[in-house]
file protein.txt (compact mmCIF, C-alpha atoms and all ligand atoms)
# COMPACT_ATOMS: atom_id res chain seq x y z
CA MET G 14 13.84 8.54 -122.40
CA THR G 15 17.62 8.80 -122.50
CA GLU G 16 18.62 6.13 -120.01
CA THR G 17 17.18 2.67 -119.82
CA THR G 18 15.24 1.96 -116.68
CA THR G 19 15.03 -1.53 -115.24
CA ILE G 20 13.18 -3.06 -112.32
CA ARG G 21 14.44 -6.05 -110.40
CA PHE G 22 11.91 -8.09 -108.43
CA LEU G 23 13.72 -9.02 -105.24
CA GLY G 24 10.61 -10.18 -103.40
CA GLY G 25 6.83 -10.03 -103.61
CA ALA G 26 6.89 -11.67 -107.06
CA GLU G 27 4.38 -14.54 -107.34
CA GLU G 28 4.00 -14.40 -103.58
CA VAL G 29 2.45 -12.32 -100.81
CA GLY G 30 5.31 -11.22 -98.59
CA ARG G 31 8.79 -9.60 -98.68
CA SER G 32 7.72 -6.96 -101.23
CA CYS G 33 10.90 -5.43 -102.66
CA PHE G 34 11.43 -3.93 -106.10
CA LEU G 35 14.59 -2.16 -107.21
CA VAL G 36 14.21 0.53 -109.88
CA GLU G 37 17.50 1.31 -111.61
CA GLY G 38 18.19 4.18 -113.99
CA THR G 39 20.63 6.99 -113.33
CA LYS G 40 19.52 6.52 -109.73
CA LYS G 41 18.57 3.52 -107.67
CA THR G 42 15.19 3.55 -105.95
CA LEU G 43 13.85 0.74 -103.81
CA LEU G 44 10.08 0.25 -103.60
CA ASP G 45 9.38 -1.31 -100.18
CA CYS G 46 11.53 -3.91 -98.43
CA GLY G 47 9.55 -6.37 -96.32
CA VAL G 48 9.80 -9.78 -94.79
CA LYS G 49 7.75 -12.88 -95.54
CA LEU G 50 6.24 -14.21 -92.36
CA ALA G 51 5.73 -17.92 -92.08
CA GLU G 52 5.21 -20.52 -89.37
CA GLU G 53 8.66 -22.04 -89.80
CA GLU G 54 11.26 -19.66 -91.08
CA GLU G 55 10.94 -16.16 -92.40
CA GLU G 56 12.09 -15.27 -95.87
CA PHE G 57 13.86 -12.08 -96.85
CA PRO G 58 14.25 -10.16 -100.11
CA LEU G 59 17.09 -11.22 -102.42
CA ILE G 60 19.06 -8.06 -101.89
CA GLU G 61 22.84 -7.99 -101.62
CA MET G 62 24.12 -5.78 -98.86
CA ALA G 63 26.71 -4.22 -101.19
CA GLU G 64 23.72 -3.22 -103.31
CA ALA G 65 21.88 -1.79 -100.33
CA ARG G 66 24.66 0.74 -99.78
CA LYS G 67 24.22 2.10 -103.31
CA ILE G 68 20.50 2.84 -103.05
CA ASP G 69 19.67 6.54 -103.39
CA SER G 70 16.12 6.49 -102.16
CA ILE G 71 13.49 4.20 -100.73
CA ILE G 72 9.73 4.43 -101.11
CA LEU G 73 7.84 2.91 -98.21
CA SER G 74 4.20 2.38 -99.21
CA HIS G 75 2.85 1.47 -95.76
CA ALA G 76 3.76 0.04 -92.37
CA HIS G 77 2.88 -3.66 -92.73
CA LEU G 78 5.91 -5.89 -92.13
CA ASP G 79 5.68 -7.51 -95.55
CA HIS G 80 6.62 -4.05 -96.89
CA SER G 81 8.74 -2.56 -94.10
CA GLY G 82 10.18 -5.40 -92.04
CA PHE G 83 13.57 -5.70 -93.76
CA LEU G 84 14.39 -1.98 -93.98
CA PRO G 85 16.43 -1.70 -90.76
CA TYR G 86 18.76 -4.46 -92.04
CA LEU G 87 19.68 -2.18 -94.93
CA TYR G 88 20.53 0.68 -92.58
CA ARG G 89 22.47 -1.68 -90.32
CA GLU G 90 24.57 -2.59 -93.36
CA GLY G 91 25.36 1.03 -94.17
CA CYS G 92 22.51 2.08 -96.44
CA ARG G 93 22.15 5.87 -96.42
CA ALA G 94 19.11 6.27 -98.65
CA LYS G 95 16.38 8.77 -97.97
CA CYS G 96 13.16 6.95 -97.14
CA PHE G 97 10.01 8.65 -98.46
CA THR G 98 6.88 7.83 -96.49
CA THR G 99 3.88 9.37 -94.71
CA LYS G 100 3.73 10.39 -91.08
CA PRO G 101 1.33 7.65 -89.92
CA THR G 102 3.59 5.06 -91.57
CA ARG G 103 6.65 6.42 -89.79
CA ASP G 104 4.83 6.41 -86.44
CA LEU G 105 3.59 2.88 -87.00
CA ILE G 106 6.92 1.34 -88.05
CA GLN G 107 8.50 2.85 -84.98
CA VAL G 108 6.47 0.51 -82.75
CA LEU G 109 6.02 -2.32 -85.21
CA LEU G 110 9.69 -2.79 -86.08
CA ALA G 111 10.74 -2.49 -82.44
CA ASP G 112 8.28 -5.25 -81.61
CA TYR G 113 9.58 -7.36 -84.48
CA ALA G 114 13.19 -6.85 -83.33
CA ARG G 115 12.24 -7.92 -79.81
CA LEU G 116 10.55 -11.10 -81.03
CA ASN G 117 13.44 -12.04 -83.32
CA GLU G 118 16.20 -11.34 -80.86
CA GLY G 119 19.66 -12.27 -82.03
CA SER G 120 19.17 -12.76 -85.72
CA ALA G 121 17.50 -9.45 -86.44
CA TYR G 122 18.48 -5.81 -86.22
CA LYS G 123 18.66 -3.71 -83.12
CA GLU G 124 16.83 -0.65 -81.91
CA LYS G 125 19.67 1.57 -83.17
CA ASP G 126 19.21 0.33 -86.74
CA ILE G 127 15.54 1.23 -86.56
CA LEU G 128 16.57 4.68 -85.35
CA LYS G 129 18.83 5.11 -88.38
CA LEU G 130 15.89 4.33 -90.61
CA LEU G 131 13.59 6.72 -88.75
CA LYS G 132 16.19 9.48 -89.03
CA SER G 133 16.40 8.93 -92.77
CA THR G 134 12.69 9.40 -93.42
CA THR G 135 11.39 12.26 -95.53
CA LEU G 136 7.74 12.80 -94.66
CA MET G 137 5.28 13.10 -97.52
CA GLU G 138 1.86 14.66 -97.58
CA TYR G 139 -0.71 13.18 -99.93
CA GLY G 140 -0.68 14.95 -103.28
CA LYS G 141 2.46 17.02 -102.65
CA ALA G 142 5.55 16.28 -104.76
CA LYS G 143 9.07 16.04 -103.34
CA GLU G 144 12.09 15.15 -105.49
CA GLY G 145 10.05 13.41 -108.18
CA VAL G 146 7.90 11.45 -105.73
CA VAL G 147 4.18 11.97 -105.09
CA MET G 148 2.11 9.85 -102.72
CA HIS G 149 -1.67 9.46 -102.64
CA ASN G 150 -4.07 7.72 -100.25
CA ALA G 151 -4.20 3.97 -101.04
CA GLY G 152 -7.15 3.25 -98.72
CA HIS G 153 -5.48 0.13 -97.31
CA ILE G 154 -4.44 1.16 -93.78
CA ILE G 155 -3.81 4.54 -92.20
CA GLY G 156 -1.03 6.37 -94.07
CA SER G 157 -0.86 3.81 -96.88
CA ALA G 158 0.23 5.24 -100.22
CA ILE G 159 0.03 4.85 -103.96
CA THR G 160 3.28 6.30 -105.30
CA GLU G 161 4.05 8.16 -108.51
CA LEU G 162 7.78 8.06 -109.20
CA GLN G 163 9.50 10.09 -111.93
CA THR G 164 12.78 8.59 -113.00
CA ASP G 165 14.76 9.53 -116.14
CA GLY G 166 11.62 10.83 -117.85
CA HIS G 167 9.77 7.62 -117.08
CA LYS G 168 6.79 7.54 -114.76
CA ILE G 169 6.13 4.56 -112.52
CA LEU G 170 2.89 4.14 -110.60
CA TYR G 171 3.20 1.73 -107.67
CA THR G 172 -0.04 0.79 -105.94
CA GLY G 173 1.45 -0.70 -102.77
CA ASP G 174 -1.50 -2.47 -101.12
CA LEU G 175 -4.66 -1.00 -102.54
CA ASN G 176 -8.26 -0.57 -101.47
CA LEU G 177 -10.73 1.46 -103.51
CA ARG G 178 -13.66 1.04 -101.16
CA PRO G 179 -14.15 3.30 -98.17
CA THR G 180 -14.05 1.50 -94.84
CA ARG G 181 -15.34 2.60 -91.48
CA LEU G 182 -12.16 4.60 -90.85
CA LEU G 183 -10.63 5.38 -94.23
CA GLU G 184 -11.58 6.87 -97.57
CA GLY G 185 -11.02 4.57 -100.53
CA ALA G 186 -8.20 5.20 -103.00
CA ARG G 187 -9.06 7.47 -105.91
CA LYS G 188 -8.75 6.43 -109.54
CA GLY G 189 -7.48 8.29 -112.60
CA TYR G 190 -3.71 8.34 -113.06
CA GLU G 191 -1.29 8.57 -115.93
CA ALA G 192 1.91 6.51 -116.06
CA ASP G 193 4.29 4.57 -118.31
CA THR G 194 4.56 1.66 -115.91
CA LEU G 195 2.06 0.29 -113.42
CA ILE G 196 3.15 -2.02 -110.61
CA ILE G 197 -0.06 -3.41 -109.16
CA GLU G 198 -0.81 -5.73 -106.25
CA SER G 199 -2.98 -8.83 -106.78
CA THR G 200 -3.73 -10.31 -103.34
CA TYR G 201 -7.32 -10.85 -104.48
CA GLY G 202 -6.58 -10.77 -108.20
CA SER G 203 -8.50 -13.91 -109.16
CA LYS G 204 -11.87 -13.56 -110.90
CA LYS G 205 -13.31 -15.69 -108.11
CA ASP G 206 -12.26 -13.07 -105.56
CA LYS G 207 -15.31 -10.94 -104.96
CA HIS G 208 -15.70 -9.10 -101.68
CA PRO G 209 -19.09 -8.83 -100.02
CA SER G 210 -20.23 -5.36 -98.93
CA LEU G 211 -19.01 -4.01 -95.62
CA LYS G 212 -22.59 -4.07 -94.39
CA ASP G 213 -23.05 -7.78 -95.14
CA VAL G 214 -19.79 -8.62 -93.41
CA SER G 215 -20.62 -6.62 -90.31
CA ASN G 216 -24.04 -8.24 -90.05
CA ARG G 217 -22.41 -11.63 -90.35
CA LEU G 218 -19.85 -10.81 -87.69
CA VAL G 219 -22.54 -9.70 -85.26
CA SER G 220 -24.75 -12.74 -85.80
CA MET G 221 -21.74 -15.04 -85.28
CA ALA G 222 -20.94 -13.25 -82.03
CA LYS G 223 -24.55 -13.52 -80.84
CA GLU G 224 -24.74 -17.20 -81.62
CA THR G 225 -21.45 -17.86 -79.83
CA PHE G 226 -22.63 -16.02 -76.70
CA ALA G 227 -25.91 -17.92 -76.75
CA ASN G 228 -23.88 -21.13 -76.65
CA GLY G 229 -21.79 -19.83 -73.76
CA GLY G 230 -18.63 -19.33 -75.81
CA LYS G 231 -16.12 -16.60 -76.51
CA VAL G 232 -15.17 -14.97 -79.79
CA LEU G 233 -11.53 -14.85 -80.85
CA ILE G 234 -10.49 -12.67 -83.77
CA PRO G 235 -6.84 -12.98 -84.82
CA THR G 236 -5.79 -9.71 -86.36
CA PHE G 237 -2.89 -7.83 -87.83
CA ALA G 238 -1.71 -5.11 -85.48
CA ILE G 239 -2.69 -2.51 -88.04
CA GLY G 240 -5.69 -2.29 -90.25
CA ARG G 241 -8.46 -4.84 -89.81
CA GLY G 242 -8.16 -4.78 -86.01
CA GLN G 243 -9.15 -1.14 -85.79
CA GLU G 244 -11.92 -1.55 -88.36
CA ILE G 245 -13.50 -4.48 -86.50
CA LEU G 246 -13.22 -2.71 -83.21
CA PHE G 247 -15.15 0.27 -84.52
CA MET G 248 -17.72 -1.98 -86.10
CA LEU G 249 -18.37 -3.88 -82.87
CA GLU G 250 -18.35 -0.73 -80.80
CA ASN G 251 -20.98 0.82 -83.05
CA TYR G 252 -23.22 -2.21 -82.73
CA MET G 253 -22.94 -2.16 -78.94
CA ARG G 254 -23.60 1.57 -78.84
CA SER G 255 -26.77 1.10 -80.91
CA GLY G 256 -27.90 -1.89 -78.85
CA ALA G 257 -27.77 -4.33 -81.77
CA LEU G 258 -25.16 -6.33 -79.88
CA GLU G 259 -25.28 -6.89 -76.13
CA GLU G 260 -22.58 -5.04 -74.18
CA THR G 261 -19.53 -7.26 -74.06
CA PRO G 262 -15.96 -6.53 -73.06
CA ILE G 263 -13.66 -6.33 -76.07
CA TYR G 264 -10.12 -7.34 -75.15
CA LEU G 265 -7.26 -5.89 -77.13
CA ASP G 266 -4.15 -8.01 -76.90
CA GLY G 267 -0.79 -7.47 -78.53
CA MET G 268 -0.02 -4.44 -80.60
CA VAL G 269 -3.62 -3.55 -81.41
CA ASN G 270 -3.90 -1.20 -78.47
CA LYS G 271 -0.66 0.69 -79.08
CA VAL G 272 -1.59 1.09 -82.71
CA LEU G 273 -4.99 2.44 -81.77
CA ARG G 274 -3.26 5.39 -80.09
CA ILE G 275 -1.28 6.07 -83.26
CA TYR G 276 -4.48 6.05 -85.25
CA ARG G 277 -5.93 8.65 -82.93
CA HIS G 278 -2.83 10.86 -83.11
CA ASN G 279 -2.99 10.75 -86.89
CA ALA G 280 -6.71 11.36 -87.15
CA LEU G 281 -6.05 13.81 -90.00
CA TYR G 282 -5.52 10.74 -92.17
CA LEU G 283 -8.88 9.23 -91.22
CA LYS G 284 -12.33 9.99 -92.59
CA LYS G 285 -13.75 13.43 -91.87
CA GLU G 286 -16.62 12.02 -89.81
CA ILE G 287 -14.17 10.23 -87.48
CA GLN G 288 -12.17 13.45 -87.07
CA TYR G 289 -15.37 15.20 -86.20
CA ARG G 290 -16.31 12.60 -83.60
CA ILE G 291 -12.91 12.95 -81.95
CA LEU G 292 -13.24 16.73 -81.85
CA SER G 293 -16.72 16.60 -80.35
CA SER G 294 -15.03 14.57 -77.57
CA ASP G 295 -18.13 13.00 -75.96
CA ASP G 296 -18.44 10.79 -79.03
CA ASP G 297 -14.77 9.82 -79.38
CA PRO G 298 -14.82 6.30 -80.86
CA PHE G 299 -11.29 5.67 -79.62
CA LYS G 300 -12.35 6.01 -76.01
CA SER G 301 -14.93 3.35 -75.41
CA GLU G 302 -15.89 1.81 -72.09
CA HIS G 303 -16.04 -1.54 -73.90
CA TYR G 304 -12.31 -1.75 -74.58
CA PHE G 305 -10.10 -3.67 -72.15
CA VAL G 306 -6.50 -4.81 -71.96
CA PRO G 307 -5.75 -8.20 -70.32
CA LYS G 308 -4.28 -7.75 -66.86
CA THR G 309 -2.69 -11.13 -66.17
CA LYS G 310 0.11 -12.88 -68.01
CA ASP G 311 -1.90 -16.12 -68.37
CA ARG G 312 -4.96 -14.09 -69.44
CA SER G 313 -7.07 -15.71 -66.71
CA ASP G 314 -8.97 -12.44 -66.27
CA VAL G 315 -10.14 -12.76 -69.86
CA PHE G 316 -11.08 -16.42 -69.59
CA GLU G 317 -13.07 -15.71 -66.40
CA GLN G 318 -15.46 -13.42 -68.26
CA GLU G 319 -18.86 -14.78 -69.12
CA ARG G 320 -18.73 -13.23 -72.56
CA ALA G 321 -15.76 -11.74 -74.36
CA ILE G 322 -14.59 -10.70 -77.77
CA ILE G 323 -10.83 -10.98 -78.08
CA LEU G 324 -8.80 -9.21 -80.73
CA ALA G 325 -5.24 -10.50 -80.64
CA THR G 326 -2.18 -10.46 -82.87
CA SER G 327 -0.91 -11.95 -85.06
CA GLY G 328 -3.45 -12.09 -87.84
CA MET G 329 -2.16 -15.28 -89.48
CA LEU G 330 -1.41 -16.99 -86.15
CA ASN G 331 2.32 -17.24 -86.82
CA GLY G 332 3.08 -15.82 -83.39
CA GLY G 333 1.93 -13.35 -80.76
CA PRO G 334 -0.59 -13.57 -77.92
CA VAL G 335 -3.32 -15.03 -80.17
CA LEU G 336 -1.65 -18.42 -79.70
CA THR G 337 -2.26 -18.33 -75.93
CA TYR G 338 -5.97 -17.97 -76.66
CA VAL G 339 -6.01 -20.71 -79.28
CA LYS G 340 -4.44 -23.13 -76.81
CA LYS G 341 -7.13 -22.42 -74.25
CA LEU G 342 -10.22 -21.86 -76.44
CA GLY G 343 -9.36 -24.16 -79.36
CA PRO G 344 -10.44 -27.49 -77.82
CA HIS G 345 -13.94 -26.26 -76.89
CA LYS G 346 -16.67 -26.24 -79.49
CA GLU G 347 -18.77 -23.43 -77.98
CA ASN G 348 -16.08 -20.87 -78.93
CA THR G 349 -15.70 -19.25 -82.32
CA LEU G 350 -12.59 -18.09 -84.12
CA ILE G 351 -13.21 -15.61 -86.91
CA LEU G 352 -10.63 -15.11 -89.64
CA VAL G 353 -10.91 -11.65 -91.11
CA GLY G 354 -7.86 -11.13 -93.30
CA PHE G 355 -5.73 -12.81 -95.92
CA GLN G 356 -4.08 -16.05 -94.74
CA ALA G 357 -0.79 -16.73 -96.51
CA LYS G 358 0.41 -20.21 -97.39
CA GLY G 359 2.50 -21.81 -94.66
CA THR G 360 0.74 -20.08 -91.76
CA ARG G 361 -1.48 -21.60 -89.06
CA GLY G 362 -4.23 -19.24 -90.22
CA ARG G 363 -4.15 -20.91 -93.62
CA GLU G 364 -4.25 -24.35 -91.97
CA LEU G 365 -7.38 -23.33 -90.06
CA GLU G 366 -8.92 -21.92 -93.20
CA GLU G 367 -8.34 -25.26 -94.89
CA GLY G 368 -10.06 -27.13 -92.06
CA ALA G 369 -7.19 -28.27 -89.82
CA GLU G 370 -8.40 -30.42 -86.91
CA GLU G 371 -5.35 -29.67 -84.81
CA LEU G 372 -2.54 -27.14 -84.65
CA THR G 373 0.96 -27.46 -83.30
CA ILE G 374 1.83 -24.58 -80.99
CA ASP G 375 5.14 -24.51 -79.08
CA GLY G 376 5.55 -28.22 -79.77
CA GLN G 377 2.18 -28.96 -78.24
CA ILE G 378 -0.71 -30.39 -80.26
CA VAL G 379 -3.90 -28.39 -79.78
CA PRO G 380 -7.16 -30.01 -80.92
CA ILE G 381 -9.29 -27.57 -82.87
CA ASN G 382 -12.92 -28.06 -81.96
CA LEU G 383 -14.00 -24.45 -81.84
CA GLY G 384 -15.92 -23.06 -84.79
CA VAL G 385 -13.75 -21.49 -87.46
CA GLU G 386 -15.53 -18.86 -89.50
CA ARG G 387 -14.59 -16.29 -92.12
CA ALA G 388 -15.72 -12.70 -92.32
CA ASN G 389 -13.74 -11.08 -95.03
CA ILE G 390 -13.06 -7.55 -93.96
CA SER G 391 -10.43 -6.95 -96.51
CA GLY G 392 -8.07 -4.05 -96.81
CA HIS G 393 -7.40 -5.09 -100.40
CA SER G 394 -9.42 -4.50 -103.54
CA ASP G 395 -10.96 -7.52 -105.21
CA HIS G 396 -10.60 -8.48 -108.89
CA VAL G 397 -13.27 -6.13 -110.22
CA ASP G 398 -11.88 -3.13 -108.33
CA LEU G 399 -8.27 -3.86 -109.32
CA VAL G 400 -9.30 -4.02 -112.96
CA ASP G 401 -11.28 -0.82 -112.55
CA PHE G 402 -8.26 0.92 -111.05
CA ALA G 403 -5.93 -0.20 -113.86
CA ARG G 404 -8.46 0.67 -116.58
CA ASN G 405 -8.31 4.24 -115.35
CA VAL G 406 -4.56 4.58 -115.75
CA LYS G 407 -3.68 6.32 -119.03
CA GLY G 408 -0.61 5.87 -121.21
CA LEU G 409 0.55 2.48 -119.92
CA LYS G 410 3.39 0.62 -121.63
CA ASN G 411 4.21 -1.86 -118.87
CA ILE G 412 1.90 -3.53 -116.36
CA LEU G 413 3.71 -5.57 -113.73
CA VAL G 414 1.54 -7.66 -111.46
CA VAL G 415 2.99 -8.43 -108.02
CA HIS G 416 1.98 -9.25 -104.41
CA GLY G 417 -0.20 -12.27 -105.17
CA GLU G 418 -0.15 -16.04 -105.41
CA PRO G 419 0.89 -17.07 -108.95
CA GLU G 420 -2.59 -18.01 -110.24
CA LYS G 421 -4.13 -14.83 -108.89
CA SER G 422 -1.45 -12.58 -110.38
CA ARG G 423 -1.78 -14.43 -113.71
CA GLU G 424 -5.56 -13.97 -113.83
CA LEU G 425 -5.25 -10.29 -113.13
CA ALA G 426 -2.49 -9.84 -115.72
CA ASP G 427 -4.65 -11.60 -118.35
CA ALA G 428 -7.61 -9.37 -117.58
CA LEU G 429 -5.45 -6.23 -117.75
CA GLN G 430 -3.82 -7.30 -121.03
CA LYS G 431 -7.28 -7.36 -122.62
CA ILE G 432 -7.93 -3.79 -121.56
CA HIS G 433 -4.51 -2.29 -122.26
CA LYS G 434 -3.82 -4.03 -125.57
CA LYS G 435 -0.73 -1.98 -126.43
CA ALA G 436 0.93 -2.48 -123.09
CA ARG G 437 2.87 -5.51 -121.92
CA ALA G 438 1.13 -7.14 -118.95
CA HIS G 439 3.47 -9.44 -117.12
CA VAL G 440 3.83 -11.39 -113.87
CA PRO G 441 7.51 -11.10 -112.92
CA LYS G 442 9.28 -14.05 -111.37
CA LEU G 443 11.31 -13.79 -108.20
CA GLY G 444 14.72 -12.37 -109.10
CA GLU G 445 13.66 -11.35 -112.63
CA GLU G 446 14.94 -8.11 -114.10
CA ILE G 447 12.76 -6.21 -116.55
CA GLU G 448 13.78 -3.43 -118.87
CA LEU G 449 11.00 -0.89 -119.10
CA ARG G 450 9.67 0.16 -122.48
ZN ZN U 501 -0.54 -4.24 -96.29
ZN ZN U 502 1.16 -6.37 -98.36

call {"tool": "encode", "arguments": {"input": "protein.txt", "output": "structure tokens"}}
result
Amino acid sequence: MTETTTIRFLGGAEEVGRSCFLVEGTKKTLLDCGVKLAEEEEEFPLIEMAEARKIDSIILSHAHLDHSGFLPYLYREGCRAKCFTTKPTRDLIQVLLADYARLNEGSAYKEKDILKLLKSTTLMEYGKAKEGVVMHNAGHIIGSAITELQTDGHKILYTGDLNLRPTRLLEGARKGYEADTLIIESTYGSKKDKHPSLKDVSNRLVSMAKETFANGGKVLIPTFAIGRGQEILFMLENYMRSGALEETPIYLDGMVNKVLRIYRHNALYLKKEIQYRILSSDDDPFKSEHYFVPKTKDRSDVFEQERAIILATSGMLNGGPVLTYVKKLGPHKENTLILVGFQAKGTRGRELEEGAEELTIDGQIVPINLGVERANISGHSDHVDLVDFARNVKGLKNILVVHGEPEKSRELADALQKIHKKARAHVPKLGEEIELR
């Protein structure tokens, strides 16, 4: 190594949200640039706009807003960097960022800034190198990537959000890399974090739905626009197809439906068996007679149904149509709300998870009497899998643990230090700059 390489942690350090890491050597490369969504006010990465203009390239690991949401700001402020990403990610951010800009009118960027970003993208295929960058399937959502970055003779491996296990739609991420530096996520990095099998979770989901219907209630599943929503949909659809669950309309509200179309257009990035089902057309899982979109603004057509399963954004209840449903269904105990993804601190989802008896929505207090359940259909690897992934990376000198609450990142770093004794395992603080060995 001739030049020193440093990484500055501008976000996503000891927190889940606003992932943003600046790699500086002879060139400046930014790894992701997201926002941190919260009930009150959003938080942004600690990046100076003068700095943004000097960035040579940007790696976008996947479409979720905690990785992509701040990018158009950079382009609004004159950033001209090439943005390396996959095609599904580019298609997804096109709708996701536009939606975000609409919801945050005034303070945020405009459509034309998103266009600048889209025009700056360089599309990557898994496994094919371009200008020192190689991306591989990360198994987290469609198009998500693990990135290998060569910079000044130093190799950085950035996991983005990682899932080793195959899901209904996606293959899991593969193991076996070589790198000098590993930047690894730790959403479920604690030893206590152990995911049940997909089969157990789906069985649980179905029995909760059945019980709710028997009591005359409806099922509400808050979901991220991308990822879990599509997985749950396919799970439920399969059960109805096989007769294990009675036929029930599944309502898709918010971005879930738009995103579903993008999934179908990018079927090449899904499992082979799904591609096959699409091609054999009469078994296309994306075209089910069970899927519906609400027709009225007040969603009365949904509430009128005897039974219904509602998938609505946002996944942590910090906004979106899901709140309309919580207001209406929340006070009645026969209904069930099922949390399926990670609930960050400071969100209504987290409050529910911790047993809140009421929620404040649009200044109105909503009593929470409906059943709140968890079915962890995670798009993230748990502790054991994260350790397994890192164990299979050869040649490590630096292990930097990010994208997790402090205790979780710490526990993962400790476990990885024991395996890679010669490397330095570290949990960077927000704003910290680290010189790579
Ligand atoms: Zn993600
Ligand atoms: Zn993330």

call {"tool": "residues_near_ligand", "arguments": {"input": "protein.txt", "ligand": "ligand ZN 501 (chain U)", "cutoff": "7 Å", "atoms": "only C-alpha atoms and all ligand atoms", "output": "PyMOL selection string"}}
result
chain G and resi 75+77+153+174

call {"tool": "closest_atom_pairs", "arguments": {"input": "protein.txt", "of": "chain G", "to": "ligand ZN 502 (chain U)", "cutoff": "9 Å", "atoms": "only C-alpha atoms and all ligand atoms", "output": "CSV"}}
result
residue,atom,partner,partner_atom,distance
G:Gly25,CA,U:ZN502,ZN,8.6
G:Val29,CA,U:ZN502,ZN,6.6
G:Gly30,CA,U:ZN502,ZN,6.4
G:Arg31,CA,U:ZN502,ZN,8.3
G:Ser32,CA,U:ZN502,ZN,7.2
G:Gly47,CA,U:ZN502,ZN,8.6
G:His75,CA,U:ZN502,ZN,8.4
G:His77,CA,U:ZN502,ZN,6.5
G:Leu78,CA,U:ZN502,ZN,7.8
G:Asp79,CA,U:ZN502,ZN,5.4
G:His80,CA,U:ZN502,ZN,6.1
G:Gly173,CA,U:ZN502,ZN,7.2
G:Asp174,CA,U:ZN502,ZN,5.5
G:Leu175,CA,U:ZN502,ZN,9.0
G:Glu198,CA,U:ZN502,ZN,8.2
G:Thr200,CA,U:ZN502,ZN,8.0
G:His393,CA,U:ZN502,ZN,8.9
G:His416,CA,U:ZN502,ZN,6.8

call {"tool": "residues_near_point", "arguments": {"input": "protein.txt", "point": "(-7.8, 4.1, -86.7)", "cutoff": "6 Å", "atoms": "only C-alpha atoms", "output": "ChimeraX atom specification"}}
result
/G:243,273,276

call {"tool": "residues_around", "arguments": {"input": "protein.txt", "residues": "Cys33 of chain G", "least_positions_apart": "4", "cutoff": "9 Å", "atoms": "only C-alpha atoms", "output": "MDAnalysis selection string"}}
result
chainID G and resid 21:26 43:47 58:60 80

call {"tool": "atom_distance", "arguments": {"input": "protein.txt", "atom1": "atom CA of Ser327 of chain G", "atom2": "atom CA of Leu218 of chain G"}}
result
19.2 Å

call {"tool": "closest_residue", "arguments": {"input": "protein.txt", "among": "G:Gly256, G:Gly376, G:Pro441, G:Pro101", "to": "Ser157 of chain G", "atoms": "all atoms listed in the file"}}
result
G:Pro101

call {"tool": "atom_distance", "arguments": {"input": "protein.txt", "atom1": "atom CA of Ala388 of chain G", "atom2": "atom CA of Ser422 of chain G"}}
result
23.0 Å

call {"tool": "residues_around", "arguments": {"input": "protein.txt", "residues": "Val397 of chain G", "least_positions_apart": "6", "cutoff": "9 Å", "atoms": "all atoms listed in the file", "output": "PyMOL selection string"}}
result
chain G and resi 202+204+206-207

call {"tool": "atom_distance", "arguments": {"input": "protein.txt", "atom1": "atom CA of Leu429 of chain G", "atom2": "atom CA of Gly140 of chain G"}}
result
26.1 Å

call {"tool": "residues_around", "arguments": {"input": "protein.txt", "residues": "Pro235 of chain G", "least_positions_apart": "4", "cutoff": "9 Å", "atoms": "all atoms listed in the file", "output": "short mmCIF file (atom, residue, chain, number, x, y, z; two decimals) with C-alpha atoms, in the coordinates of the input"}}
result
data_model
loop_
_atom_site.label_atom_id
_atom_site.label_comp_id
_atom_site.auth_asym_id
_atom_site.auth_seq_id
_atom_site.Cartn_x
_atom_site.Cartn_y
_atom_site.Cartn_z
CA GLY G 242 -8.16 -4.78 -86.01
CA ILE G 323 -10.83 -10.98 -78.08
CA LEU G 324 -8.80 -9.21 -80.73
CA ALA G 325 -5.24 -10.50 -80.64
CA THR G 326 -2.18 -10.46 -82.87
CA SER G 327 -0.91 -11.95 -85.06
CA GLY G 328 -3.45 -12.09 -87.84
CA MET G 329 -2.16 -15.28 -89.48
CA LEU G 330 -1.41 -16.99 -86.15
CA VAL G 335 -3.32 -15.03 -80.17
CA LEU G 350 -12.59 -18.09 -84.12
CA ILE G 351 -13.21 -15.61 -86.91
CA LEU G 352 -10.63 -15.11 -89.64
CA VAL G 353 -10.91 -11.65 -91.11
CA GLY G 354 -7.86 -11.13 -93.30
CA GLY G 362 -4.23 -19.24 -90.22
#

call {"tool": "closest_residue", "arguments": {"input": "protein.txt", "among": "G:Ile196, G:Leu265, G:Tyr201, G:Arg181", "to": "Pro298 of chain G", "atoms": "only C-alpha atoms"}}
result
G:Arg181

call {"tool": "residues_around", "arguments": {"input": "protein.txt", "residues": "segment 219-225 of chain G", "least_positions_apart": "3", "cutoff": "9 Å", "atoms": "only C-alpha atoms", "output": "PyMOL selection string"}}
result
chain G and resi 214-216+228-232+249+252+257-259+322+347-349+351+386

call {"tool": "closest_residue", "arguments": {"input": "protein.txt", "among": "G:Ala51, G:Ala111, G:Ile155, G:Ile378", "to": "Thr98 of chain G", "atoms": "only C-alpha atoms"}}
result
G:Ile155

call {"tool": "closest_atom_pairs", "arguments": {"input": "protein.txt", "of": "segment 168-287 of chain G", "to": "segment 305-309 of chain G", "cutoff": "7 Å", "atoms": "all atoms listed in the file", "output": "JSON lines"}}
result
{"residue": "G:Pro262", "atom": "CA", "partner": "G:Phe305", "partner_atom": "CA", "distance": 6.6}
{"residue": "G:Ile263", "atom": "CA", "partner": "G:Phe305", "partner_atom": "CA", "distance": 5.9}
{"residue": "G:Tyr264", "atom": "CA", "partner": "G:Phe305", "partner_atom": "CA", "distance": 4.7}
{"residue": "G:Leu265", "atom": "CA", "partner": "G:Val306", "partner_atom": "CA", "distance": 5.3}
{"residue": "G:Asp266", "atom": "CA", "partner": "G:Val306", "partner_atom": "CA", "distance": 6.3}
